[in-house]
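Structure file input30.txt with compact mmCIF, C-alpha atoms and all ligand atoms:
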# COMPACT_ATOMS: atom_id res chain seq x y z
CA MET A 102 91.57 207.88 15.56
CA ASN A 103 89.55 207.69 12.37
CA GLN A 104 91.28 208.40 9.10
CA ASP A 105 88.75 210.07 6.82
CA GLY A 106 88.99 210.00 3.06
CA ILE A 107 91.21 206.91 2.87
CA CYS A 108 89.31 203.80 1.85
CA CYS A 109 90.00 200.24 2.97
CA HIS A 110 91.79 198.71 0.00
CA LEU A 111 90.03 195.41 0.60
CA CYS A 112 86.35 196.27 1.10
CA GLY A 113 86.18 199.98 0.22
CA HIS A 114 84.97 201.12 3.68
CA GLU A 115 85.59 204.85 3.92
CA ARG A 116 86.89 205.37 7.45
CA LEU A 117 89.88 203.43 8.70
CA THR A 118 90.92 203.45 12.37
CA THR A 119 94.62 204.23 12.80
CA ILE A 120 96.66 202.32 15.38
CA ALA A 121 98.25 204.66 17.92
CA GLY A 122 101.94 204.24 18.72
CA TYR A 123 102.89 202.69 15.39
CA GLU A 124 104.34 205.91 14.00
CA ALA A 125 106.95 206.00 16.80
CA ARG A 126 108.57 202.71 15.75
CA HIS A 127 111.17 202.28 13.04
CA CYS A 128 109.96 200.55 9.90
CA ILE A 129 111.95 197.98 7.91
CA THR A 130 111.84 197.04 4.24
CA SER A 131 110.87 193.47 3.35
CA ASP A 132 114.40 192.87 2.04
CA CYS A 133 115.67 193.68 5.57
CA ARG A 134 116.96 197.22 5.28
CA PRO A 135 116.34 199.95 7.85
CA TRP A 136 113.53 202.32 6.90
CA ARG A 137 112.04 205.49 8.34
CA LYS A 138 109.78 205.99 11.34
CA GLY A 139 106.37 207.56 10.85
CA GLY A 140 104.50 204.77 9.07
CA ARG A 141 100.71 204.63 9.34
CA LEU A 142 98.96 201.41 10.29
CA ALA A 143 95.19 201.13 10.34
CA ILE A 144 92.35 198.68 10.68
CA CYS A 145 89.09 198.55 8.78
CA PRO A 146 86.04 198.46 11.08
CA THR A 147 84.08 196.50 8.47
CA CYS A 148 86.38 193.74 7.17
CA HIS A 149 88.79 193.88 10.20
CA CYS A 150 91.79 193.82 7.90
CA VAL A 151 94.97 195.40 9.29
CA GLN A 152 96.61 197.48 6.60
CA LYS A 153 98.90 200.37 5.74
CA ILE A 154 97.20 203.57 4.67
CA ILE A 155 97.63 203.38 0.93
CA ASP A 156 98.00 206.86 -0.43
CA GLU A 157 100.49 208.74 -2.57
CA ILE A 158 103.08 208.85 0.24
CA TRP A 159 102.98 205.07 0.72
CA GLN A 160 103.14 204.48 -3.03
CA GLN A 161 106.21 206.74 -3.35
CA GLU A 162 107.92 204.97 -0.45
CA VAL A 163 107.27 201.57 -1.99
CA ASP A 164 108.61 202.71 -5.38
CA GLU A 165 111.76 203.88 -3.59
CA ILE A 166 112.10 200.51 -1.79
CA TYR A 167 111.61 198.39 -4.93
CA LYS A 168 114.09 200.41 -7.00
CA VAL A 169 117.01 198.97 -5.02
CA TYR A 170 115.36 195.76 -3.81
CA GLN A 171 117.80 192.91 -3.19
CA ILE A 172 116.12 189.71 -2.12
CA ASN A 173 118.01 187.71 0.55
CA TYR A 174 121.17 189.77 0.09
CA GLN A 175 122.38 188.55 3.50
CA ASN A 176 123.28 185.23 1.81
CA ASN A 177 123.95 186.15 -1.84
CA GLY A 178 120.29 185.67 -2.81
CA LYS A 179 119.83 182.27 -1.13
CA GLU A 180 116.50 181.92 0.62
CA PRO A 181 116.22 181.68 4.43
CA LEU A 182 116.30 178.32 6.20
CA VAL A 183 113.41 176.92 8.17
CA PHE A 184 114.24 175.17 11.44
CA ASP A 185 111.75 172.44 12.27
CA SER A 186 111.92 171.95 16.04
CA ALA A 187 109.88 168.73 15.89
CA SER A 188 112.16 166.87 13.46
CA GLY A 189 115.33 168.89 14.04
CA MET A 190 115.56 169.31 10.26
CA VAL A 191 116.78 172.46 8.57
CA LEU A 192 115.44 173.14 5.07
CA PRO A 193 115.34 176.05 2.63
CA ARG A 194 111.88 177.62 2.85
CA SER A 195 110.70 176.55 -0.62
CA LYS A 196 111.69 172.90 0.02
CA ARG A 197 109.76 172.92 3.26
CA LEU A 198 106.68 174.34 1.47
CA LEU A 199 106.93 171.71 -1.26
CA GLN A 200 107.25 168.95 1.35
CA CYS A 201 104.02 170.15 3.03
CA LEU A 202 102.18 170.47 -0.30
CA GLU A 203 103.27 167.00 -1.38
CA SER A 204 101.85 165.53 1.82
CA GLN A 205 98.40 166.87 0.87
CA LEU A 206 98.22 167.05 -2.91
CA HIS A 207 98.94 164.94 -5.93
CA PHE A 208 100.88 166.75 -8.63
CA PRO A 209 100.66 165.23 -12.13
CA LYS A 210 103.91 164.43 -13.91
CA MET A 211 103.45 167.25 -16.39
CA GLY A 212 101.81 170.64 -16.18
CA ASN A 213 102.50 174.34 -16.26
CA LEU A 214 103.22 176.59 -13.32
CA LEU A 215 102.98 180.36 -13.03
CA ASP A 216 104.92 181.84 -10.09
CA ILE A 217 103.92 185.45 -9.45
CA GLY A 218 106.68 187.60 -7.95
CA CYS A 219 109.25 184.86 -8.51
CA GLY A 220 112.18 186.93 -7.16
CA ASN A 221 115.40 185.17 -8.10
CA GLY A 222 113.56 181.91 -8.77
CA SER A 223 114.13 179.89 -5.55
CA TRP A 224 110.67 178.32 -5.76
CA LEU A 225 110.91 177.67 -9.52
CA HIS A 226 114.26 175.93 -9.00
CA THR A 227 112.88 173.78 -6.16
CA PHE A 228 109.78 172.89 -8.17
CA ASN A 229 111.85 171.93 -11.21
CA GLN A 230 113.91 169.50 -9.12
CA PHE A 231 110.68 167.89 -7.92
CA ALA A 232 108.82 167.91 -11.27
CA PRO A 233 111.36 168.30 -14.09
CA GLN A 234 108.76 167.90 -16.85
CA TRP A 235 106.67 170.89 -15.80
CA SER A 236 106.84 174.08 -17.82
CA LEU A 237 107.61 177.06 -15.57
CA THR A 238 106.80 180.76 -15.95
CA GLY A 239 107.89 183.52 -13.57
CA THR A 240 106.78 187.14 -13.22
CA GLU A 241 108.45 190.10 -11.56
CA LEU A 242 107.99 193.87 -11.41
CA ASN A 243 111.17 194.53 -13.37
CA ASP A 244 114.02 192.81 -15.23
CA ILE A 245 116.54 192.74 -12.34
CA THR A 246 116.35 188.93 -11.91
CA ARG A 247 115.42 188.02 -15.51
CA SER A 248 118.76 186.57 -16.64
CA HIS A 249 119.08 184.55 -13.42
CA VAL A 250 115.54 183.12 -13.60
CA GLU A 251 115.71 182.33 -17.32
CA LYS A 252 118.70 180.05 -16.66
CA ILE A 253 116.73 177.84 -14.25
CA ASN A 254 115.88 174.44 -15.75
CA GLY A 255 112.25 174.21 -16.84
CA VAL A 256 111.70 177.97 -17.06
CA LYS A 257 110.03 178.75 -20.37
CA ALA A 258 109.16 182.41 -19.82
CA PHE A 259 109.76 185.41 -17.58
CA HIS A 260 107.35 188.36 -17.71
CA THR A 261 107.25 191.82 -16.18
CA CYS A 262 103.67 192.53 -17.26
CA PRO A 263 100.66 191.97 -14.96
CA PRO A 264 99.94 188.21 -14.84
CA PHE A 265 96.48 188.72 -16.39
CA GLU A 266 98.18 189.80 -19.61
CA ILE A 267 100.14 186.55 -20.02
CA ALA A 268 98.69 184.29 -22.72
CA GLY A 269 97.20 180.92 -21.78
CA THR A 270 96.12 179.26 -18.54
CA PHE A 271 98.03 177.40 -15.82
CA ASP A 272 97.61 174.19 -13.82
CA LEU A 273 99.26 175.73 -10.78
CA ILE A 274 99.61 179.38 -9.78
CA THR A 275 101.85 180.21 -6.81
CA ILE A 276 102.02 183.55 -4.99
CA ILE A 277 104.67 183.20 -2.30
CA GLU A 278 105.46 186.15 -0.03
CA VAL A 279 103.85 188.49 -2.55
CA LEU A 280 100.14 188.99 -1.79
CA GLU A 281 100.97 191.22 1.21
CA HIS A 282 102.65 193.67 -1.21
CA ILE A 283 99.68 194.05 -3.56
CA PRO A 284 97.08 196.78 -3.00
CA ASN A 285 93.56 195.45 -3.44
CA PRO A 286 94.49 191.75 -3.31
CA LYS A 287 90.88 190.60 -3.66
CA ASP A 288 90.54 192.26 -7.03
CA PHE A 289 93.94 190.86 -8.04
CA LEU A 290 92.91 187.29 -7.17
CA MET A 291 89.57 187.75 -8.89
CA LYS A 292 91.20 188.76 -12.17
CA LEU A 293 93.76 185.99 -11.80
CA SER A 294 91.11 183.27 -11.72
CA ASP A 295 90.88 183.50 -15.53
CA LYS A 296 94.49 182.31 -15.70
CA LEU A 297 93.83 179.17 -13.63
CA GLU A 298 92.77 175.94 -15.38
CA SER A 299 89.34 174.68 -14.28
CA ASN A 300 90.99 171.88 -12.25
CA GLY A 301 94.06 173.96 -11.35
CA LEU A 302 95.38 174.97 -7.94
CA LEU A 303 96.26 178.31 -6.38
CA ILE A 304 98.89 178.33 -3.64
CA LEU A 305 99.49 181.36 -1.44
CA GLU A 306 101.96 181.98 1.34
CA PHE A 307 102.29 185.19 3.35
CA PRO A 308 103.16 186.41 6.87
CA ASN A 309 100.82 185.83 9.82
CA TYR A 310 101.03 188.91 12.00
CA LEU A 311 99.23 187.10 14.85
CA GLU A 312 102.32 184.89 15.15
CA ASP A 313 104.83 187.49 14.04
CA PRO A 314 104.12 191.06 15.21
CA PHE A 315 107.38 192.18 13.53
CA ASP A 316 105.61 191.84 10.18
CA LEU A 317 103.58 194.96 11.03
CA LEU A 318 106.85 196.94 10.82
CA VAL A 319 107.51 196.05 7.18
CA ALA A 320 106.93 199.27 5.25
CA ASP A 321 106.13 197.67 1.89
CA HIS A 322 103.64 195.09 3.26
CA CYS A 323 100.29 196.78 2.71
CA THR A 324 98.04 194.05 4.13
CA HIS A 325 98.64 192.07 7.33
CA PHE A 326 96.59 188.92 7.04
CA THR A 327 95.25 186.43 9.54
CA PRO A 328 93.60 183.08 8.74
CA SER A 329 90.18 184.77 9.16
CA THR A 330 90.86 187.84 7.07
CA ILE A 331 92.39 185.82 4.22
CA LYS A 332 89.12 183.93 3.99
CA GLU A 333 87.32 187.21 3.36
CA ILE A 334 89.87 188.25 0.75
CA ILE A 335 89.83 185.12 -1.39
CA PRO A 336 87.09 185.86 -3.91
CA GLU A 337 84.18 183.57 -4.66
CA GLN A 338 85.83 182.24 -7.81
CA TYR A 339 87.92 180.00 -5.53
CA GLU A 340 87.27 177.24 -3.04
CA ILE A 341 89.70 177.12 -0.10
CA ILE A 342 91.07 173.60 0.44
CA THR A 343 93.57 174.31 3.23
CA ILE A 344 94.62 177.18 5.47
CA ALA A 345 97.76 176.07 7.35
CA THR A 346 99.66 178.05 9.97
CA HIS A 347 102.12 175.29 10.89
CA TRP A 348 103.78 174.53 7.55
CA ILE A 349 106.23 177.43 7.68
CA PRO A 350 106.82 179.18 11.04
CA LYS A 351 105.15 182.62 11.23
CA LYS A 352 103.46 182.17 7.82
CA ILE A 353 100.01 181.30 6.55
CA SER A 354 99.86 178.85 3.64
CA VAL A 355 96.67 178.54 1.60
CA VAL A 356 95.70 176.03 -1.06
CA ALA A 357 92.64 176.83 -3.17
CA CYS A 358 91.04 175.55 -6.34
CA LYS A 359 88.42 176.94 -8.67
CA ARG A 360 85.01 176.90 -7.02
CA LYS A 361 82.82 173.91 -7.65
CA ALA A 362 79.29 174.60 -6.50
CA HIS A 363 78.81 171.48 -4.36
CA LYS A 364 81.97 171.73 -2.25
CA LYS A 365 82.14 173.04 1.29
CA THR A 366 84.76 175.61 2.14
CA VAL A 367 87.25 175.55 5.03
CA THR A 368 86.33 177.65 8.07
CA PRO A 369 89.30 179.00 10.03
CA LYS A 370 89.34 178.93 13.83
CA LYS A 371 87.73 181.89 15.58
CA GLU A 372 90.22 184.68 16.29
CA PRO A 373 90.24 187.51 18.80
CA LEU A 374 88.99 190.80 17.37
CA SER A 375 91.59 192.22 15.02
CA LEU A 376 91.63 195.63 16.72
CA ASP A 377 92.57 193.96 20.02
CA SER A 378 95.18 191.76 18.33
CA VAL A 379 96.89 194.56 16.45
CA THR A 380 96.83 196.91 19.46
CA GLN A 381 98.39 194.15 21.59
CA ALA A 382 100.97 193.43 18.90
CA ILE A 383 102.09 197.08 18.79
CA LYS A 384 102.20 197.21 22.61
CA TRP A 385 104.31 194.05 22.66
CA LEU A 386 106.76 195.57 20.15
CA GLU A 387 107.01 198.67 22.37
CA ALA A 388 107.53 196.47 25.44
CA THR A 389 110.18 194.44 23.59
CA PHE A 390 112.14 197.56 22.70
CA ASP A 391 111.72 198.91 26.23
CA HIS A 392 112.86 195.62 27.81
CA PHE A 393 115.93 195.21 25.60
CA SER A 394 116.95 198.86 25.83
CA ARG A 395 116.99 198.80 29.66
CA LEU A 396 119.03 195.63 30.19
CA PRO A 397 122.11 196.35 32.31
CA VAL A 398 124.48 194.72 29.81
CA LYS A 399 128.24 194.87 30.34
CA GLY A 400 130.12 193.32 27.43
CA PRO A 401 129.66 193.02 23.66
CA LEU A 402 125.97 193.16 22.69
CA GLY A 403 124.59 191.09 19.82
CA VAL A 404 121.22 190.53 18.18
CA PHE A 405 120.09 187.07 17.05
CA GLY A 406 119.26 186.76 13.35
CA THR A 407 119.72 188.90 10.26
CA GLY A 408 116.07 189.15 9.21
CA ILE A 409 113.22 191.62 9.71
CA ALA A 410 113.12 191.46 13.53
CA ALA A 411 116.90 191.76 13.96
CA THR A 412 117.07 194.68 11.52
CA TRP A 413 114.30 196.44 13.42
CA LEU A 414 115.85 195.94 16.86
CA ALA A 415 119.26 197.13 15.66
CA CYS A 416 117.59 200.28 14.24
CA GLU A 417 115.80 200.94 17.52
CA LEU A 418 118.89 200.32 19.68
CA GLU A 419 121.10 202.33 17.32
CA ASP A 420 124.82 202.17 18.21
CA LYS A 421 124.35 199.84 21.21
CA VAL A 422 124.50 196.75 18.96
CA ASP A 423 128.00 195.38 18.27
CA PHE A 424 127.28 192.24 16.22
CA PHE A 425 124.68 189.79 14.89
CA VAL A 426 124.41 186.03 15.41
CA ASP A 427 122.98 183.66 12.80
CA GLU A 428 122.55 179.88 12.63
CA ASP A 429 122.45 179.97 8.82
CA LEU A 430 126.07 179.27 7.87
CA GLY A 431 125.60 181.11 4.56
CA ARG A 432 125.03 184.35 6.46
CA ILE A 433 128.04 184.29 8.78
CA ASN A 434 131.52 185.76 8.36
CA LYS A 435 129.90 188.68 6.53
CA THR A 436 128.77 192.06 7.72
CA PHE A 437 125.14 193.04 8.19
CA MET A 438 124.19 196.67 8.90
CA ASN A 439 127.96 197.29 9.10
CA ARG A 440 128.44 194.84 11.99
CA PRO A 441 130.01 191.36 11.92
CA VAL A 442 127.78 188.26 11.79
CA TYR A 443 128.97 185.37 13.99
CA THR A 444 127.89 181.78 14.33
CA PRO A 445 126.60 180.91 17.85
CA SER A 446 129.70 178.77 18.48
CA ASP A 447 132.05 181.65 17.74
CA LEU A 448 130.76 184.54 19.86
CA PRO A 449 133.07 187.13 21.45
CA GLU A 450 133.89 186.51 25.11
CA ASN A 451 131.35 187.71 27.66
CA SER A 452 128.75 188.31 24.93
CA HIS A 453 125.14 189.22 25.53
CA VAL A 454 122.65 188.26 22.83
CA LEU A 455 119.09 189.57 22.42
CA ILE A 456 116.64 187.17 20.80
CA ALA A 457 114.12 189.45 19.09
CA GLN A 458 111.59 186.93 17.85
CA PRO A 459 107.96 186.17 18.73
CA PHE A 460 108.06 184.80 22.29
CA PRO A 461 107.33 181.08 21.62
CA LEU A 462 109.92 181.01 18.82
CA ALA A 463 112.44 182.93 20.96
CA GLN A 464 112.07 180.23 23.65
CA LYS A 465 112.86 177.49 21.11
CA ILE A 466 115.88 179.40 19.81
CA HIS A 467 117.08 179.97 23.36
CA HIS A 468 116.78 176.25 24.01
CA ARG A 469 119.00 175.52 20.98
CA LEU A 470 121.57 178.19 21.82
CA ALA A 471 121.78 177.89 25.62
CA LYS A 472 124.82 175.58 25.36
CA PHE A 473 126.90 178.33 23.77
CA GLY A 474 128.96 180.63 25.96
CA ALA A 475 126.91 183.81 26.03
CA THR A 476 124.10 185.31 28.04
CA PHE A 477 120.86 185.20 26.06
CA TYR A 478 117.83 187.41 26.64
CA LEU A 479 114.23 186.71 25.63
CA PRO A 480 111.62 189.34 24.75
CA PRO A 481 108.77 189.79 27.26
CA PRO A 482 105.96 187.23 26.97
CA PRO A 483 102.83 188.52 25.21
CA GLN A 484 100.42 190.28 27.62
ZN ZN A 501 87.70 196.79 4.86

Written as structure tokens, how would this file's structure read?
Amino acid sequence: MNQDGICCHLCGHERLTTIAGYEARHCITSDCRPWRKGGRLAICPTCHCVQKIIDEIWQQEVDEIYKVYQINYQNNGKEPLVFDSASGMVLPRSKRLLQCLESQLHFPKMGNLLDIGCGNGSWLHTFNQFAPQWSLTGTELNDITRSHVEKINGVKAFHTCPPFEIAGTFDLITIIEVLEHIPNPKDFLMKLSDKLESNGLLILEFPNYLEDPFDLLVADHCTHFTPSTIKEIIPEQYEIITIATHWIPKKISVVACKRKAHKKTVTPKKEPLSLDSVTQAIKWLEATFDHFSRLPVKGPLGVFGTGIAATWLACELEDKVDFFVDEDLGRINKTFMNRPVYTPSDLPENSHVLIAQPFPLAQKIHHRLAKFGATFYLPPPPQ
């Protein structure tokens, strides 16, 4: 169905194609709280970007979400852990990102960093431990995390104004899990280029819906990027150095610098047409709900995780879910959505646990958890 009168917020095309079936699914907020059904997801026939329909209704919903936003409340503000199946290592997400960046880039001993949408300062804290002589600046939409961030070593300033209004320029600008929240991200990045030193670096990280269809359900994410669409969105003021999909599971990480005329830019791998990908992703979410809701389970029913996907599945299954299971020890022995959170080694007898994660990741999790005394269920493989 074509949605007249609503422009693509990336390229300005005037007729977006809405994705059927999306409105029937529950939405979730990006801080993992249940949200309403009835969201509107669309794709632009020109730039192929998957996006929410950004109108007054969406803007009001987002204002409502941000008013009570509590980042990583499942573990008192601590960021999620990343499980690296190859090395078996478990690291906080910002440490993992820094490790990957360090393997590719040389950071000078001193410099200044601007972190846009710094939340409670997890990345600033990690960066300070790595480069204690850098001067750090964070921005947020409001003052909720100001006192917390200002106490982090190395932090010189915290702003709630748009980043373009901050005085001076920066050697490194980071936008981690933020770009997907910003309407018209191309324009935003274009204006931001004035804040980047001529030899400075821009680092972006955001969800990859091709690897994580659950991201489409996040009400306050207005753009759902892929490696190809991000290339279209990064304005000509920048040169892309790296687009990585393996640094952080389910995320795209991008490193860019200011454009120098003679350099070649990175070309991402060819992707299937976005309309096919997003239609398949929504069908897979429907099939996942259908599969899990029909299982003939007798015994306590749990959902793996306490993130976006687990929140969504618990909303869809309503009162069928008795508990959650999490491998992050900081998240256990608490309640989440009014249910207990157990560690895999401490599950109730005769438990059944649904692993609502993208299929390849669900297989890895199942492999790790199979030794524990419960029956685990995977989502259907992608069609
Ligand atoms: Zn467009």

Close residues to ligand ZN 501 (chain A) using all atoms listed in the file, limit 10 Å, as a list of chain:residue names: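 So, counting all atoms listed in the file, the residues near ligand ZN 501 (chain A) are A:Cys108, A:Cys109, A:His110, A:Leu111, A:Cys112, A:Gly113, A:His114, A:Glu115, A:Arg116, A:Leu117, A:Ile144, A:Cys145, A:Pro146, A:Thr147, A:Cys148, A:His149, A:Cys150, A:Val151, A:Gln152, A:Thr330, A:Glu333, A:Ile334.
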
Computed interatomic separation between CA of His260 (chain A) and CA of Val355 (chain A) (Å): 24.2 Å

Give as a PDB file with C-alpha atoms, keeping the file's coordinate frame the set of residues within 12 Å of the point (96.3, 170.6, -1.7), where distances use the file's coordinates and all atoms listed in the file.
ATOM      1  CA  LEU A 198     106.680 174.340   1.470  1.00  0.00           C
ATOM      2  CA  LEU A 199     106.930 171.710  -1.260  1.00  0.00           C
ATOM      3  CA  GLN A 200     107.250 168.950   1.350  1.00  0.00           C
ATOM      4  CA  CYS A 201     104.020 170.150   3.030  1.00  0.00           C
ATOM      5  CA  LEU A 202     102.180 170.470  -0.300  1.00  0.00           C
ATOM      6  CA  GLU A 203     103.270 167.000  -1.380  1.00  0.00           C
ATOM      7  CA  SER A 204     101.850 165.530   1.820  1.00  0.00           C
ATOM      8  CA  GLN A 205      98.400 166.870   0.870  1.00  0.00           C
ATOM      9  CA  LEU A 206      98.220 167.050  -2.910  1.00  0.00           C
ATOM     10  CA  HIS A 207      98.940 164.940  -5.930  1.00  0.00           C
ATOM     11  CA  PHE A 208     100.880 166.750  -8.630  1.00  0.00           C
ATOM     12  CA  LEU A 273      99.260 175.730 -10.780  1.00  0.00           C
ATOM     13  CA  ASN A 300      90.990 171.880 -12.250  1.00  0.00           C
ATOM     14  CA  GLY A 301      94.060 173.960 -11.350  1.00  0.00           C
ATOM     15  CA  LEU A 302      95.380 174.970  -7.940  1.00  0.00           C
ATOM     16  CA  LEU A 303      96.260 178.310  -6.380  1.00  0.00           C
ATOM     17  CA  ILE A 304      98.890 178.330  -3.640  1.00  0.00           C
ATOM     18  CA  LEU A 305      99.490 181.360  -1.440  1.00  0.00           C
ATOM     19  CA  GLU A 340      87.270 177.240  -3.040  1.00  0.00           C
ATOM     20  CA  ILE A 341      89.700 177.120  -0.100  1.00  0.00           C
ATOM     21  CA  ILE A 342      91.070 173.600   0.440  1.00  0.00           C
ATOM     22  CA  THR A 343      93.570 174.310   3.230  1.00  0.00           C
ATOM     23  CA  ILE A 344      94.620 177.180   5.470  1.00  0.00           C
ATOM     24  CA  ALA A 345      97.760 176.070   7.350  1.00  0.00           C
ATOM     25  CA  SER A 354      99.860 178.850   3.640  1.00  0.00           C
ATOM     26  CA  VAL A 355      96.670 178.540   1.600  1.00  0.00           C
ATOM     27  CA  VAL A 356      95.700 176.030  -1.060  1.00  0.00           C
ATOM     28  CA  ALA A 357      92.640 176.830  -3.170  1.00  0.00           C
ATOM     29  CA  CYS A 358      91.040 175.550  -6.340  1.00  0.00           C
TER      30      CYS A 358
END

Residue among A:Glu417, A:Asp272, A:Glu124, A:Glu337 lying closest to Ser236 (chain A), counting only C-alpha atoms: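 The answer is A:Asp272, which sits nearest to Ser236 (chain A).
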
Contacts of Glu419 (chain A) within 12 Å, all atoms listed in the file, excl. fewer than 6 positions in-chain, as a PyMOL selection string: chain A and resi 127+135+390+394+402+404+411-413+438-440
